[in-house]
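Participant: My file is my_file28.csv. It has CSV, C-alpha atoms:
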```
chain,number,residue,atom,x,y,z
A,1,MET,CA,-3.9,31.8,-9.5
A,2,ILE,CA,-2.7,28.6,-11.2
A,3,ASP,CA,-4.5,28.0,-14.5
A,4,TYR,CA,-5.1,24.3,-14.2
A,5,GLU,CA,-7.5,24.3,-17.2
A,6,GLN,CA,-4.5,25.3,-19.4
A,7,ILE,CA,-2.0,23.0,-17.7
A,8,LEU,CA,-4.3,20.0,-18.1
A,9,GLN,CA,-4.5,20.6,-21.9
A,10,ILE,CA,-0.7,19.9,-22.2
A,11,SER,CA,0.2,16.5,-23.7
A,12,PRO,CA,1.9,14.5,-20.9
A,13,TYR,CA,5.3,14.0,-22.6
A,14,SER,CA,5.5,17.1,-24.9
A,15,LEU,CA,7.5,19.7,-23.1
A,16,SER,CA,11.3,20.1,-23.5
A,17,ALA,CA,13.5,20.5,-20.4
A,18,GLU,CA,13.6,24.3,-20.8
A,19,GLU,CA,9.8,24.6,-21.3
A,20,LYS,CA,9.1,22.4,-18.3
A,21,LYS,CA,11.6,24.3,-16.1
A,22,LYS,CA,9.7,27.6,-16.8
A,23,LEU,CA,6.4,26.0,-16.0
A,24,TYR,CA,7.7,24.5,-12.7
A,25,GLN,CA,9.3,27.7,-11.5
A,26,LYS,CA,6.0,29.5,-11.7
A,27,VAL,CA,3.6,26.8,-10.5
A,28,LEU,CA,5.7,25.4,-7.6
A,29,SER,CA,6.3,29.0,-6.4
A,30,ASP,CA,2.5,29.7,-6.5
A,31,LEU,CA,1.8,26.4,-4.7
A,32,GLY,CA,4.4,27.2,-2.0
A,33,VAL,CA,2.7,30.6,-1.3
A,34,HIS,CA,-0.7,28.9,-1.3
A,35,HIS,CA,0.3,26.2,1.2
A,36,GLN,CA,2.1,28.6,3.5
A,37,ALA,CA,-1.0,30.8,3.7
A,38,ASN,CA,-3.4,27.9,4.3
A,39,CYS,CA,-1.4,25.2,6.3
A,40,GLU,CA,0.1,26.4,9.6
A,41,PRO,CA,2.4,23.4,10.2
A,42,TYR,CA,3.8,23.8,6.6
A,43,ARG,CA,4.4,27.6,7.2
A,44,ARG,CA,6.4,26.8,10.4
A,45,LEU,CA,8.4,24.2,8.5
A,46,CYS,CA,9.2,26.8,5.8
A,47,GLU,CA,10.4,29.2,8.5
A,48,HIS,CA,13.0,26.6,9.6
A,49,LEU,CA,13.8,25.0,6.2
A,50,GLY,CA,13.4,27.9,3.7
A,51,GLU,CA,11.0,28.4,0.9
A,52,ASN,CA,9.4,25.4,-0.8
A,53,PRO,CA,11.5,22.7,1.1
A,54,PRO,CA,11.2,19.1,0.0
A,55,LEU,CA,9.1,17.5,2.8
A,56,PRO,CA,10.2,14.1,3.9
A,57,VAL,CA,7.3,11.8,3.3
A,58,ARG,CA,7.2,10.5,6.8
A,59,LEU,CA,6.1,14.0,8.0
A,60,PHE,CA,2.6,13.1,6.8
A,61,LYS,CA,2.6,10.5,9.5
A,62,GLN,CA,3.5,13.0,12.2
A,63,TYR,CA,1.5,16.1,11.3
A,64,THR,CA,-1.9,17.1,10.0
A,65,LEU,CA,-0.9,18.7,6.8
A,66,ARG,CA,-4.0,20.2,5.2
A,67,SER,CA,-4.4,23.4,3.2
A,68,VAL,CA,-8.2,23.5,3.0
A,69,ALA,CA,-11.0,23.7,5.6
A,70,GLU,CA,-11.8,20.3,7.2
A,71,ASP,CA,-15.4,20.4,5.8
A,72,ARG,CA,-14.0,20.6,2.2
A,73,VAL,CA,-12.2,17.3,2.6
A,74,ILE,CA,-14.1,14.6,0.6
A,75,LYS,CA,-11.5,11.8,0.9
A,76,THR,CA,-8.7,10.9,3.2
A,77,MET,CA,-6.0,8.7,1.7
A,78,THR,CA,-3.7,6.6,3.9
A,79,SER,CA,-0.3,5.2,3.1
A,80,SER,CA,0.3,1.4,3.3
A,81,GLY,CA,1.8,0.5,6.7
A,82,THR,CA,2.5,-2.8,8.3
A,83,SER,CA,0.9,-3.5,11.7
A,84,GLY,CA,2.0,-1.1,14.4
A,85,GLN,CA,3.3,1.5,11.9
A,86,ALA,CA,1.8,5.0,11.7
A,87,VAL,CA,0.3,5.8,8.3
A,88,SER,CA,0.4,9.0,6.3
A,89,ARG,CA,-2.9,10.9,5.9
A,90,ILE,CA,-3.5,12.8,2.7
A,91,TYR,CA,-6.5,15.1,2.6
A,92,LEU,CA,-8.2,15.6,-0.7
A,93,ASP,CA,-10.9,18.2,-1.6
A,94,ARG,CA,-13.1,17.8,-4.7
A,95,GLU,CA,-10.8,19.9,-7.0
A,96,THR,CA,-7.5,18.1,-6.1
A,97,SER,CA,-9.1,14.7,-6.4
A,98,ALA,CA,-10.7,15.5,-9.8
A,99,ARG,CA,-7.3,16.9,-11.0
A,100,GLN,CA,-5.4,13.8,-9.9
A,101,THR,CA,-8.0,11.5,-11.7
A,102,LYS,CA,-7.8,13.5,-14.9
A,103,VAL,CA,-4.0,13.4,-14.9
A,104,LEU,CA,-3.8,9.7,-14.2
A,105,SER,CA,-6.0,9.0,-17.2
A,106,LYS,CA,-4.0,11.3,-19.4
A,107,ILE,CA,-0.7,9.6,-18.4
A,108,VAL,CA,-1.8,6.0,-18.6
A,109,SER,CA,-3.8,6.4,-21.9
A,110,ASN,CA,-0.5,7.5,-23.5
A,111,PHE,CA,0.6,3.9,-23.0
A,112,THR,CA,-2.6,2.0,-23.4
A,113,GLY,CA,-4.5,4.1,-25.9
A,114,LYS,CA,-7.7,6.1,-25.4
A,115,THR,CA,-10.2,3.3,-25.7
A,116,ARG,CA,-11.5,2.0,-22.4
A,117,LEU,CA,-10.7,-1.7,-22.3
A,118,PRO,CA,-12.4,-4.5,-20.3
A,119,MET,CA,-10.6,-4.5,-17.0
A,120,LEU,CA,-9.5,-7.3,-14.7
A,121,VAL,CA,-8.3,-6.1,-11.3
A,122,LEU,CA,-5.8,-8.6,-9.7
A,123,ASP,CA,-7.1,-7.9,-6.2
A,124,SER,CA,-10.2,-8.2,-4.0
A,125,SER,CA,-13.1,-5.7,-4.1
A,126,ALA,CA,-13.1,-5.9,-0.3
A,127,VAL,CA,-10.3,-3.3,-0.2
A,128,LEU,CA,-12.8,-0.6,-1.4
A,129,LYS,CA,-15.3,-0.9,1.5
A,130,ASP,CA,-14.9,2.6,2.9
A,131,ARG,CA,-15.0,5.1,0.1
A,132,SER,CA,-14.2,8.1,2.3
A,133,MET,CA,-11.0,6.6,3.9
A,134,PHE,CA,-8.8,5.0,1.3
A,135,SER,CA,-5.6,3.0,1.7
A,136,ALA,CA,-3.0,3.4,-1.0
A,137,ARG,CA,-4.2,0.0,-2.4
A,138,GLY,CA,-7.8,1.2,-2.5
A,139,ALA,CA,-6.8,4.5,-4.0
A,140,GLY,CA,-4.8,2.8,-6.7
A,141,ILE,CA,-7.6,0.4,-7.7
A,142,LEU,CA,-10.2,3.2,-7.8
A,143,GLY,CA,-7.9,5.5,-9.8
A,144,PHE,CA,-7.0,2.9,-12.4
A,145,SER,CA,-10.6,1.6,-12.6
A,146,MET,CA,-11.6,4.9,-14.4
A,147,LEU,CA,-9.5,3.7,-17.3
A,148,GLY,CA,-11.4,0.4,-17.9
A,149,ARG,CA,-14.9,-0.9,-18.3
A,150,ASP,CA,-16.8,-4.0,-17.3
A,151,MET,CA,-14.5,-4.4,-14.3
A,152,SER,CA,-14.0,-7.8,-12.6
A,153,TYR,CA,-12.0,-8.7,-9.5
A,154,ALA,CA,-9.8,-11.8,-9.8
A,155,LEU,CA,-9.4,-12.4,-6.1
A,156,ASP,CA,-12.0,-13.1,-3.4
A,157,GLU,CA,-11.9,-11.7,0.2
A,158,ASN,CA,-9.4,-14.4,1.2
A,159,MET,CA,-7.0,-13.5,-1.6
A,160,GLN,CA,-7.7,-16.7,-3.5
A,161,LEU,CA,-8.3,-16.7,-7.2
A,162,ASN,CA,-12.0,-16.6,-8.0
A,163,TRP,CA,-12.0,-19.2,-10.8
A,164,ASN,CA,-15.7,-18.5,-11.7
A,165,VAL,CA,-14.9,-14.8,-12.2
A,166,LEU,CA,-11.8,-15.6,-14.2
A,167,ASP,CA,-13.5,-18.1,-16.4
A,168,THR,CA,-16.4,-15.8,-17.1
A,169,PHE,CA,-14.0,-12.9,-18.0
A,170,CYS,CA,-11.9,-15.1,-20.2
A,171,GLU,CA,-14.9,-16.6,-22.0
A,172,LYS,CA,-16.2,-13.1,-22.7
A,173,TYR,CA,-12.9,-11.5,-23.8
A,174,ALA,CA,-10.6,-14.3,-25.0
A,175,GLY,CA,-8.4,-13.0,-27.8
A,176,GLN,CA,-9.5,-9.4,-27.2
A,177,GLU,CA,-7.4,-6.5,-25.8
A,178,VAL,CA,-7.9,-6.1,-22.0
A,179,LEU,CA,-6.4,-4.0,-19.3
A,180,MET,CA,-5.2,-5.8,-16.1
A,181,PHE,CA,-4.1,-3.9,-13.0
A,182,GLY,CA,-2.6,-5.0,-9.7
A,183,PHE,CA,0.1,-4.4,-7.1
A,184,THR,CA,3.4,-6.1,-7.9
A,185,PHE,CA,3.9,-8.6,-5.1
A,186,MET,CA,0.2,-9.5,-5.0
A,187,VAL,CA,0.1,-10.1,-8.8
A,188,TRP,CA,3.1,-12.4,-8.3
A,189,GLU,CA,1.9,-14.2,-5.2
A,190,TYR,CA,-1.8,-14.5,-5.7
A,191,PHE,CA,-2.3,-14.5,-9.4
A,192,TYR,CA,0.9,-15.7,-11.2
A,193,GLN,CA,1.8,-18.4,-8.6
A,194,ALA,CA,-1.9,-19.7,-8.5
A,195,LEU,CA,-2.1,-20.0,-12.3
A,196,LYS,CA,1.3,-21.7,-12.3
A,197,ARG,CA,0.2,-24.3,-9.7
A,198,GLN,CA,-2.9,-25.0,-11.7
A,199,ARG,CA,-0.9,-25.1,-15.0
A,200,ARG,CA,-3.4,-22.6,-16.4
A,201,CYS,CA,-2.7,-20.1,-19.2
A,202,LEU,CA,-5.3,-17.3,-19.7
A,203,PRO,CA,-6.2,-16.4,-23.3
A,204,LEU,CA,-6.1,-12.7,-22.5
A,205,LYS,CA,-4.0,-10.2,-24.4
A,206,GLY,CA,-3.5,-6.5,-23.9
A,207,VAL,CA,-1.6,-4.8,-21.1
A,208,LEU,CA,-0.9,-5.4,-17.4
A,209,ILE,CA,0.0,-2.3,-15.3
A,210,HIS,CA,1.5,-3.0,-11.9
A,211,GLY,CA,3.4,-1.1,-9.2
A,212,GLY,CA,3.6,-0.5,-5.5
A,213,GLY,CA,6.6,-2.3,-4.0
A,214,TRP,CA,9.3,-4.7,-5.1
A,215,LYS,CA,10.9,-5.5,-1.7
A,216,LYS,CA,9.6,-9.0,-1.2
A,217,LEU,CA,10.1,-10.0,-4.8
A,218,LEU,CA,13.7,-8.8,-4.9
A,219,ASP,CA,14.3,-10.7,-1.7
A,220,SER,CA,13.2,-13.8,-3.7
A,221,ALA,CA,15.5,-12.9,-6.6
A,222,VAL,CA,12.6,-11.8,-8.9
A,223,ASP,CA,13.5,-8.7,-10.9
A,224,GLU,CA,11.6,-6.8,-13.5
A,225,ASN,CA,12.7,-9.0,-16.4
A,226,ILE,CA,11.8,-12.3,-14.6
A,227,PHE,CA,8.4,-10.8,-13.5
A,228,ARG,CA,7.6,-9.6,-17.1
A,229,ALA,CA,8.6,-12.9,-18.7
A,230,SER,CA,6.7,-15.0,-16.1
A,231,LEU,CA,3.5,-13.1,-16.5
A,232,LYS,CA,3.7,-13.6,-20.2
A,233,GLU,CA,4.0,-17.3,-19.7
A,234,VAL,CA,0.6,-17.6,-18.0
A,235,THR,CA,-1.3,-15.1,-20.3
A,236,SER,CA,-1.1,-13.8,-23.8
A,237,LEU,CA,-0.3,-10.2,-22.7
A,238,ASP,CA,1.5,-7.9,-25.1
A,239,LYS,CA,2.8,-5.5,-22.5
A,240,VAL,CA,3.7,-5.8,-18.8
A,241,LEU,CA,4.4,-2.2,-17.5
A,242,ASN,CA,5.6,-1.1,-14.1
A,243,TYR,CA,4.8,2.3,-12.6
A,244,TYR,CA,6.3,4.3,-9.7
A,245,GLY,CA,4.2,6.5,-7.5
A,246,MET,CA,3.1,7.2,-3.9
A,247,VAL,CA,-0.1,8.1,-2.1
A,248,GLU,CA,1.3,11.5,-1.2
A,249,GLN,CA,1.3,12.4,-4.9
A,250,THR,CA,-1.6,10.4,-6.3
A,251,GLY,CA,-2.3,10.8,-10.0
A,252,SER,CA,1.0,12.1,-11.2
A,253,ILE,CA,2.6,8.7,-11.5
A,254,PHE,CA,5.7,7.7,-13.4
A,255,MET,CA,5.0,5.0,-16.0
A,256,GLU,CA,7.5,2.6,-17.5
A,257,CYS,CA,7.9,2.9,-21.3
A,258,GLU,CA,8.5,0.2,-23.9
A,259,CYS,CA,12.3,0.6,-23.3
A,260,GLY,CA,11.9,-0.3,-19.6
A,261,HIS,CA,12.5,3.3,-18.3
A,262,LEU,CA,10.3,5.1,-15.8
A,263,HIS,CA,9.2,8.6,-17.2
A,264,ALA,CA,8.3,11.9,-15.5
A,265,SER,CA,5.4,13.5,-17.3
A,266,VAL,CA,4.6,17.2,-17.6
A,267,PHE,CA,2.6,16.9,-14.3
A,268,SER,CA,5.5,15.6,-12.2
A,269,ASP,CA,9.2,15.9,-12.0
A,270,ILE,CA,12.1,14.1,-10.3
A,271,GLU,CA,15.6,15.0,-9.1
A,272,ILE,CA,18.2,12.7,-7.6
A,273,LEU,CA,19.9,14.1,-4.5
A,274,ARG,CA,23.3,13.0,-3.2
A,275,HIS,CA,23.0,11.4,0.2
A,276,GLN,CA,25.8,13.3,1.9
A,277,ASP,CA,24.6,16.9,1.3
A,278,LEU,CA,21.3,16.7,-0.7
A,279,SER,CA,22.9,18.4,-3.7
A,280,VAL,CA,21.5,17.5,-7.1
A,281,ALA,CA,23.2,14.4,-8.6
A,282,GLY,CA,24.1,14.0,-12.3
A,283,ILE,CA,23.0,11.4,-14.8
A,284,GLY,CA,24.1,7.9,-13.7
A,285,GLU,CA,24.6,8.9,-10.0
A,286,ARG,CA,22.6,7.1,-7.4
A,287,GLY,CA,20.9,9.1,-4.6
A,288,LEU,CA,17.6,10.0,-2.9
A,289,ILE,CA,14.6,10.6,-5.0
A,290,LYS,CA,13.0,14.0,-4.8
A,291,LEU,CA,9.5,14.3,-6.4
A,292,SER,CA,7.6,17.3,-7.5
A,293,SER,CA,3.9,17.5,-8.6
A,294,LEU,CA,1.9,20.4,-10.0
A,295,LEU,CA,-1.4,18.9,-8.7
A,296,PRO,CA,-2.0,19.1,-4.9
A,297,THR,CA,-3.7,22.2,-3.6
A,298,SER,CA,-5.6,20.6,-0.6
A,299,TYR,CA,-2.3,19.5,1.1
A,300,PRO,CA,1.4,20.6,0.8
A,301,GLY,CA,2.5,17.5,-1.2
A,302,HIS,CA,4.0,19.4,-4.2
A,303,ILE,CA,7.7,18.8,-3.3
A,304,LEU,CA,8.6,15.6,-1.4
A,305,LEU,CA,11.7,13.8,-0.4
A,306,SER,CA,11.1,10.1,-0.7
A,307,GLU,CA,12.8,7.2,1.1
A,308,ASP,CA,13.7,5.6,-2.2
A,309,GLU,CA,17.0,5.5,-4.0
A,310,GLY,CA,17.1,6.1,-7.7
A,311,GLU,CA,19.2,7.1,-10.7
A,312,LEU,CA,18.5,9.5,-13.5
A,313,LEU,CA,19.2,7.9,-16.9
A,314,GLY,CA,18.6,10.9,-19.2
A,315,GLU,CA,16.3,13.6,-20.3
A,316,ASP,CA,14.4,14.3,-23.6
A,317,ASP,CA,16.3,11.6,-25.4
A,318,CYS,CA,14.7,8.2,-24.5
A,319,ALA,CA,14.4,5.9,-27.5
A,320,CYS,CA,10.6,5.6,-26.9
A,321,GLY,CA,10.3,9.2,-28.1
A,322,ARG,CA,8.8,10.7,-25.0
A,323,MET,CA,10.2,14.0,-23.7
A,324,GLY,CA,11.1,14.5,-20.1
A,325,LYS,CA,13.4,12.8,-17.6
A,326,TYR,CA,13.6,9.0,-17.4
A,327,PHE,CA,15.1,7.1,-14.5
A,328,LYS,CA,15.2,3.8,-12.5
A,329,VAL,CA,14.4,3.1,-8.9
A,330,HIS,CA,16.9,1.0,-6.9
A,331,GLY,CA,14.7,0.4,-3.8
A,332,ARG,CA,14.2,1.7,-0.3
A,333,ILE,CA,17.1,3.3,1.5
A,334,GLN,CA,18.5,1.2,4.3
A,335,GLY,CA,16.5,1.6,7.5
A,336,ALA,CA,13.4,3.1,5.8
A,337,GLU,CA,10.1,1.5,6.6
A,338,ILE,CA,8.7,-1.0,4.0
A,339,ARG,CA,5.4,0.4,2.8
A,340,GLY,CA,4.8,-0.6,-0.8
A,341,CYS,CA,1.1,-1.1,-1.4
A,342,SER,CA,1.5,-4.8,-2.0
A,343,ASP,CA,4.4,-5.4,0.3
A,344,THR,CA,2.2,-4.7,3.3
A,345,TYR,CA,-0.7,-7.1,2.7
A,346,GLU,CA,-0.8,-9.5,5.7
A,347,LYS,CA,-2.9,-12.6,6.1
A,348,HIS,CA,-5.2,-12.5,9.1
```
Could I get this structure in the form of structure tokens?
Facilitator:
Amino acid sequence: MIDYEQILQISPYSLSAEEKKKLYQKVLSDLGVHHQANCEPYRRLCEHLGENPPLPVRLFKQYTLRSVAEDRVIKTMTSSGTSGQAVSRIYLDRETSARQTKVLSKIVSNFTGKTRLPMLVLDSSAVLKDRSMFSARGAGILGFSMLGRDMSYALDENMQLNWNVLDTFCEKYAGQEVLMFGFTFMVWEYFYQALKRQRRCLPLKGVLIHGGGWKKLLDSAVDENIFRASLKEVTSLDKVLNYYGMVEQTGSIFMECECGHLHASVFSDIEILRHQDLSVAGIGERGLIKLSSLLPTSYPGHILLSEDEGELLGEDDCACGRMGKYFKVHGRIQGAEIRGCSDTYEKH
């Protein structure tokens, strides 16, 4: 049995490389045994691919990968997909869902502090209509909403800025620390651009956390530095922090530190694999991102092969002081589907 009570007591960035390696050898092995015993398609995959293979994320589009009885599933998460694309389905029982929520809170509060701040979601509440069947967007909003209080939604159902909501929020919290959350492209397109057109600057300080797809922005020559500087032009924000994560490993996200590096916490790990033979790449080499998470027991999502290309920058020696690996993401591999949460919003 995996002692999650003990694991969840560990501070997110406190283990050295050697300590983390020991933890992962034990827990990932136990998770592999658990999923083989409880998920028949996963067991068959292991017969062909070996023990604990990294599952390509698109397999969650093609198979029902569930390691609990159907009547124990309380929530089904779906990946973002443009019209006509199949979506991944991730099945959560009560224990896995609670574990992911706790870990998300522990990771993010390491960057924002433990106080729950007034929260402005740079999205529409309409995305949360069906609580039992969540898109990646809805899941992200719900997960991060646990970290704030007095939550307001900046956009209406037509993805237009709701000026009444914004003005009320600003009047109430001008000059105070607030938490803002949204998906990268949507923050840029429907929040930043709208404020810029109106020549408005919001008197809100604190932190903006964003993530979920850079493809459209990079096509428009907007990189992380331009994004960060532009958002600070229309607000009084102190920090604009990116994160990397996917619906297949909800909760164990990779947050960007003050030095601009994405970090693996105790609850997740990353390896970069060379394209030609999937061997482990060294620091400074680009390759496919392989992701591990200690959290999922209701579905076999503990070791995944993403469709993103990344580069390991170092381990246990980031200037921010956090232990663990730190890295950067270079984008989707050529030919992979675009499925970032914010990249796939379409006007109807």
Participant: Can you tell me how far CA of Leu304 (chain A) sits from CA of Pro56 (chain A), in Å to one decimal?
Facilitator: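 So the two atoms, CA of Leu304 (chain A) and CA of Pro56 (chain A), lie 5.7 Å apart.
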Participant: Taking only C-alpha atoms into account, which of A:Glu47, A:Glu189, A:Asp317, A:Glu70 comes nearest Val222 (chain A)?
Facilitator: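 Checking each candidate against Val222 (chain A), we get A:Glu189 as the closest.
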Participant: Please list as a PyMOL selection string every residue within 6 Å of region 326-332 of chain A, counting all atoms listed in the file and excluding residues in the same chain fewer than 2 positions away.
Facilitator: chain A and resi 261-263+307-314
Participant: Restricting the output to C-alpha atoms, write the selected residues as a PDB file, in the frame of the given file.
Facilitator:
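This went into again_11.pdb:
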```pdb
ATOM      1  CA  HIS A 261      12.500   3.300 -18.300  1.00  0.00           C
ATOM      2  CA  LEU A 262      10.300   5.100 -15.800  1.00  0.00           C
ATOM      3  CA  HIS A 263       9.200   8.600 -17.200  1.00  0.00           C
ATOM      4  CA  GLU A 307      12.800   7.200   1.100  1.00  0.00           C
ATOM      5  CA  ASP A 308      13.700   5.600  -2.200  1.00  0.00           C
ATOM      6  CA  GLU A 309      17.000   5.500  -4.000  1.00  0.00           C
ATOM      7  CA  GLY A 310      17.100   6.100  -7.700  1.00  0.00           C
ATOM      8  CA  GLU A 311      19.200   7.100 -10.700  1.00  0.00           C
ATOM      9  CA  LEU A 312      18.500   9.500 -13.500  1.00  0.00           C
ATOM     10  CA  LEU A 313      19.200   7.900 -16.900  1.00  0.00           C
ATOM     11  CA  GLY A 314      18.600  10.900 -19.200  1.00  0.00           C
TER      12      GLY A 314
END
```
Participant: Tell me which of A:Val73, A:Met146, A:Leu202, A:Val57 sits closest to Ser306 (chain A), counting all atoms listed in the file.
Facilitator: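 Distance minimum relative to Ser306 (chain A) lands on A:Val57.
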Participant: Just the number, please: distance in Å from CA of Leu291 (chain A) to CA of Ile270 (chain A), one decimal.
Facilitator: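 Pair CA of Leu291 (chain A) / CA of Ile270 (chain A) returns 4.7 Å.
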Participant: Under the rule that only C-alpha atoms are counted, which of A:Met159, A:Leu92, A:Leu104, A:Leu237 is the nearest residue to Leu142 (chain A)?
Facilitator: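 Looking at the shortest contact to Leu142 (chain A), the residue is A:Leu104.
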Participant: Could you jot down the CA of Ser14 (chain A) to CA of Glu256 (chain A) separation for me, Å, one decimal place?
Facilitator: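 So the two atoms, CA of Ser14 (chain A) and CA of Glu256 (chain A), lie 16.4 Å apart.
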Participant: Report as a count of residues only all protein, DNA and RNA residues lying within 12 Å of Glu5 (chain A), evaluated on all atoms listed in the file, omitting residues in the same chain fewer than 4 positions from it.
Facilitator: 9
Participant: Find the spatial neighbours of Ile303 (chain A), counting all atoms listed in the file, within a cut-off of 10 Å - ignore same-chain residues fewer than 4 positions away - and output them as a short mmCIF file (atom, residue, chain, number, x, y, z; two decimals) with C-alpha atoms, in the coordinates of the input.
Facilitator:
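Final file, selection17.cif:
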```
data_model
loop_
_atom_site.label_atom_id
_atom_site.label_comp_id
_atom_site.auth_asym_id
_atom_site.auth_seq_id
_atom_site.Cartn_x
_atom_site.Cartn_y
_atom_site.Cartn_z
CA LEU A 28 5.70 25.40 -7.60
CA LEU A 31 1.80 26.40 -4.70
CA GLY A 32 4.40 27.20 -2.00
CA ASN A 52 9.40 25.40 -0.80
CA PRO A 53 11.50 22.70 1.10
CA PRO A 54 11.20 19.10 0.00
CA LEU A 55 9.10 17.50 2.80
CA PRO A 56 10.20 14.10 3.90
CA VAL A 57 7.30 11.80 3.30
CA GLU A 248 1.30 11.50 -1.20
CA GLN A 249 1.30 12.40 -4.90
CA SER A 268 5.50 15.60 -12.20
CA ASP A 269 9.20 15.90 -12.00
CA ILE A 270 12.10 14.10 -10.30
CA LYS A 290 13.00 14.00 -4.80
CA LEU A 291 9.50 14.30 -6.40
CA SER A 292 7.60 17.30 -7.50
CA SER A 293 3.90 17.50 -8.60
CA LEU A 294 1.90 20.40 -10.00
CA PRO A 296 -2.00 19.10 -4.90
#
```
Participant: Tell me, as a list in words, which residues lie within 12 Å of Ser109 (chain A), counting only C-alpha atoms; anything in the same chain fewer than 4 positions away does not count.
Facilitator: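 Returned residues: Ser11, Pro12, Tyr13, Lys102, Val103, Leu104, Ser105, Gly113, Lys114, Thr115, Arg116, Leu117, Phe144, Met146, Leu147, Gly148, Leu179, Val207, Ile209 and Met255 of chain A.
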Participant: Taking every listed atom of region 266-269 of chain A and adding 8 Å to each side, what centre and edge lengths in Å (one decimal) does the axis-aligned box have, as lines of an AutoDock Vina configuration file?
Facilitator:
```
center_x = 5.9
center_y = 16.4
center_z = -14.8
size_x = 22.6
size_y = 17.6
size_z = 21.6
```
Participant: I want to know what sits within 7 Å of Leu120 (chain A), based on all atoms listed in the file, with residues of the same chain fewer than 4 positions away left out; could you give that as a ChimeraX atom specification?
Facilitator: /A:151-154,179-181
Participant: Give as a list in words each residue that has an atom at most 12 Å from (-11.2, 18.7, -3.7) in the file, counting only C-alpha atoms.
Facilitator: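 Using only C-alpha atoms, the matching residues come out as Arg66, Ser67, Val68, Ala69, Glu70, Asp71, Arg72, Val73, Ile74, Lys75, Thr76, Ile90, Tyr91, Leu92, Asp93, Arg94, Glu95, Thr96, Ser97, Ala98, Arg99, Gln100, Thr101, Leu295, Pro296, Thr297, Ser298 and Tyr299 of chain A.
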Participant: Restricting the calculation to all atoms listed in the file, which member of A:Val266, A:Gly138, A:Ile289, A:Trp188 is positioned closest to Glu18 (chain A)?
Facilitator: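 Answer, going by the shortest atom-to-atom distance: A:Val266.
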Participant: Nearest to Val240 (chain A) among A:Ala194, A:Leu45, A:Val280, A:Thr184, with distances taken over all atoms listed in the file: which residue is it?
Facilitator: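 The closest residue to Val240 (chain A) is A:Thr184.
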Participant: Please tell me which residues are no farther than 10 Å from (21.8, 11.0, 0.4) in the file, counting all atoms listed in the file, and write them as a ChimeraX atom specification.
Facilitator: /A:272-281,286-289,307,309,333
Participant: A:Ser124, A:Pro300, A:Phe191, A:Ala229: which is nearest Ala37 (chain A), counting only C-alpha atoms?
Facilitator: A:Pro300
